[in-house]
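Asker: For reference, the structure I am asking about is given below.
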Amino acid sequence: MQRLADKVAVVTGAGRGIGREIALLMAAQGAKVVVNDLGGNTDGTGTGKIADDVVAEIRALGGEAASNTESVASVAGGESLLQTALDNFGGMDILVNNAGILRDKTLFNMNESDWDAVIDVHLKGHYCCSRPFAAYIRKESRTGCRIINFSSVSGLFGNFGQANYGAAKAGIAGFSRVLALELAKYGCTVNTISPGALTRMTIPLRENRGEKVEEEAMEAGGPQHIAPICAWLAGPEAASITSEIFHTGRGAIAIMQQPAIIKRFVKPDGLWSLNELDQVVPELIEARKANIAAAATTAGDAAG
């Protein structure tokens with residue numbers, strides 16, 4: 001049984017890596033797929049026609065696909081994704097916001113262009129692609145739609161030398177929570193993926209640390225491990241699941257904790273003195289440490 005039969009999916013950044021694996025799996029599950037990729041380098045420069053290669057691959061396997069080579073960093077590019085789906089397949093049901101670039105530098109060395117380029121492709125790109133799709137869902141009363149966004153532990157946990165990337169990825173998590181609320185009345189779910197995979201964007205990071213990436217490592221931790229949860233979230237079984245963050249990769253699947261108040265102190269008059277904060281803040285920090293330890297224990301038990 002094909003879980004995505006008669007659905008139309010748009011996958012950004014689908015020319016290589018994680019996006020390509022998602023496009024292939026969704027096509028195998030019966031979806032008609034718009035393969036979007038600018039075809040550029042990992043830093044966002046250049047262009048190419050690699051989207052056409054993935055389209056040809058899907059068609060050779062008996063699926064239906066169309067290519068789109070516009071940049072997701074512009075409103076016009078985002079609108080073109082919807083239009084490509086409408087022109088080729090008559091509708092749109094699934095959006096996977098996967099496209100991304102890297103320009104890793106410490107803040108001391110980061111130029112404004114490095115900041116802007118990463119924010120534009122990741123955070124603004126999610127807006128550019130999601131807004132026309134959301135408007136289409138409301139206008140056409142299109143039910144059962146799905147949006148799958150891509151965050152990262154670089155934004156959710158933090159990572160040295162990735163202030164631009166981390167800020168964008170943390171912003172995407174917040175964007176997803178709001179969008180899930182706004183689209184709930186239309187039956188559209190919005191979930192977020194935090195992937196852990198070896199791709200052309202992450203392999204150089206390991207190699208720069210002196211680590212050699214063997215073929216066996218690609219088999220155990222390659223982008224093919226990210227695609228299943230995306231295809232599952234796009235299917236009917238996930239109709240009631242929204243505003244969640246799933247971490248996946250290297251054979252693991254996990255759900256991530258969302259921001260929540262752990263412990264709180266309240267003063268009747270509402271005004272804290274600095275001496276009182278000397279007492280209260282350390283207790284709050286200890287509560288946070290206990291919460292982290294409890295979550296780590298739960299995750300370890302589940303993995304075992």
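Identifiers in the structure tokens: chain A, B, ... in order shown; residue index from 1 per chain; ligand index from 1 in order shown.
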List the neighbours of Ala231 of chain A out to 8 Å using only C-alpha atoms; skip same-chain residues closer than 5 positions along the sequence, and give me the result as number ranges by chain.

Answerer: A: 22, 25-26

Asker: When DSSP is applied to the backbone of this structure, which of segment 61-260 of chain A are assigned alpha helix (DSSP H)? Write them out as a ChimeraX atom specification.

Answerer: /A:75-89,112-119,125-140,153-156,163-183,203-208,215-221,227-233

Asker: Near Glu57 of chain A, within 12 Å and counting only C-alpha atoms, which residues show up once chain neighbours fewer than 5 positions away are dropped, as an MDAnalysis selection string?

Answerer: chainID A and resid 15 20:21 23:25 27:28 33 35 50:52 62:67

Asker: Between A:Leu38, A:Val8, A:Ala296, A:Val72, which is the closest to Leu86 of chain A once you count only C-alpha atoms?

Answerer: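 Under the stated criterion, the closest residue is A:Val8.
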
Asker: With only C-alpha atoms as the basis for distance, which of A:Arg16, A:Arg131, A:His126, A:Arg146 is at the shortest distance from Met92 of chain A?

Answerer: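 Of A:Arg16, A:Arg131, A:His126, A:Arg146, the one nearest Met92 of chain A is A:Arg146, counting only C-alpha atoms.
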
Asker: Select from segment 104-279 of chain A everything DSSP, run on the backbone, classes as strand (DSSP E or B), then give the selection as a VMD selection string.

Answerer: chain A and resid 105 146 to 150 162 189 to 195 245 to 249 252 to 255

Asker: Need to verify the contact set: Ser130 of chain A, 9 Å, only C-alpha atoms, exclusion of same-chain residues closer than 6 positions in sequence. Can you return it as a ChimeraX atom specification?

Answerer: /A:78,95,97,147,179

Asker: Name all residues at most 7 Å from Val96 of chain A (count only C-alpha atoms; drop same-chain ones fewer than 6 positions away) and give them as a list in words.

Answerer: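 Non-adjacent residues within range: Val10, Val11, Thr12, Ile147, Ile148 and Asn149 of chain A.
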
Asker: Just checking: using only C-alpha atoms, which residue out of A:Phe246, A:Trp115, A:Trp232, A:Phe265 ends up closest to Ile101 of chain A?

Answerer: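 Smallest separation from Ile101 of chain A among the options: A:Trp115.
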
Asker: Quick one: residues within 8 Å of Gly171 of chain A, only C-alpha atoms, excluding same-chain residues fewer than 3 positions away - as a ChimeraX atom specification?

Answerer: /A:123,155,167-168,174-175

Asker: Could you save those same residues with N, CA and C atoms as a short mmCIF file (atom, residue, chain, number, x, y, z; two decimals), in the first residue's frame?

Answerer:
```
data_model
loop_
_atom_site.label_atom_id
_atom_site.label_comp_id
_atom_site.auth_asym_id
_atom_site.auth_seq_id
_atom_site.Cartn_x
_atom_site.Cartn_y
_atom_site.Cartn_z
N LEU A 123 15.82 30.62 7.37
CA LEU A 123 14.66 31.18 8.07
C LEU A 123 13.71 31.90 7.11
N GLY A 155 20.96 24.94 16.39
CA GLY A 155 20.09 25.99 16.90
C GLY A 155 19.40 25.60 18.19
N ALA A 167 21.09 30.54 14.72
CA ALA A 167 19.99 31.50 14.88
C ALA A 167 18.85 31.18 13.93
N ALA A 168 19.19 30.84 12.69
CA ALA A 168 18.17 30.49 11.70
C ALA A 168 17.41 29.23 12.12
N GLY A 174 10.72 28.04 16.28
CA GLY A 174 9.67 28.96 16.73
C GLY A 174 8.64 29.23 15.66
N PHE A 175 9.10 29.41 14.44
CA PHE A 175 8.21 29.61 13.30
C PHE A 175 7.25 28.44 13.16
#
```

Asker: Residues at most 12 Å from Ile229 of chain A, counting only C-alpha atoms, excluding those fewer than 6 positions away in the same chain, as a list in words?

Answerer: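 Residues near the query, excluding close chain neighbours: Ile18, Glu21, Ile22, Leu25, Met26, Val96, Ile148, Asn191, Thr192, Ile193, Ser194, Pro195, Pro223, Gly235, Glu237, Ala238, Ile245, Phe246, His247, Thr248, Gly249, Gly251, Ala252, Ile253, Ala254 and Ile255 of chain A.
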
Asker: Could you tell me how far atom CA of Leu107 of chain A lies from atom CA of Gln162 of chain A, in Å and to one decimal?

Answerer: 8.2 Å

Asker: May I ask for the distance between atom CA of Ala290 of chain A and atom CA of Phe157 of chain A, given in Å to one decimal place?

Answerer: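 Going from atom CA of Ala290 of chain A over to atom CA of Phe157 of chain A, I get 17.1 Å.
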
Asker: As an exercise, work out the distance from atom CA of Arg288 of chain A to atom CA of Gln258 of chain A in Å and give it to one decimal place.

Answerer: 13.7 Å
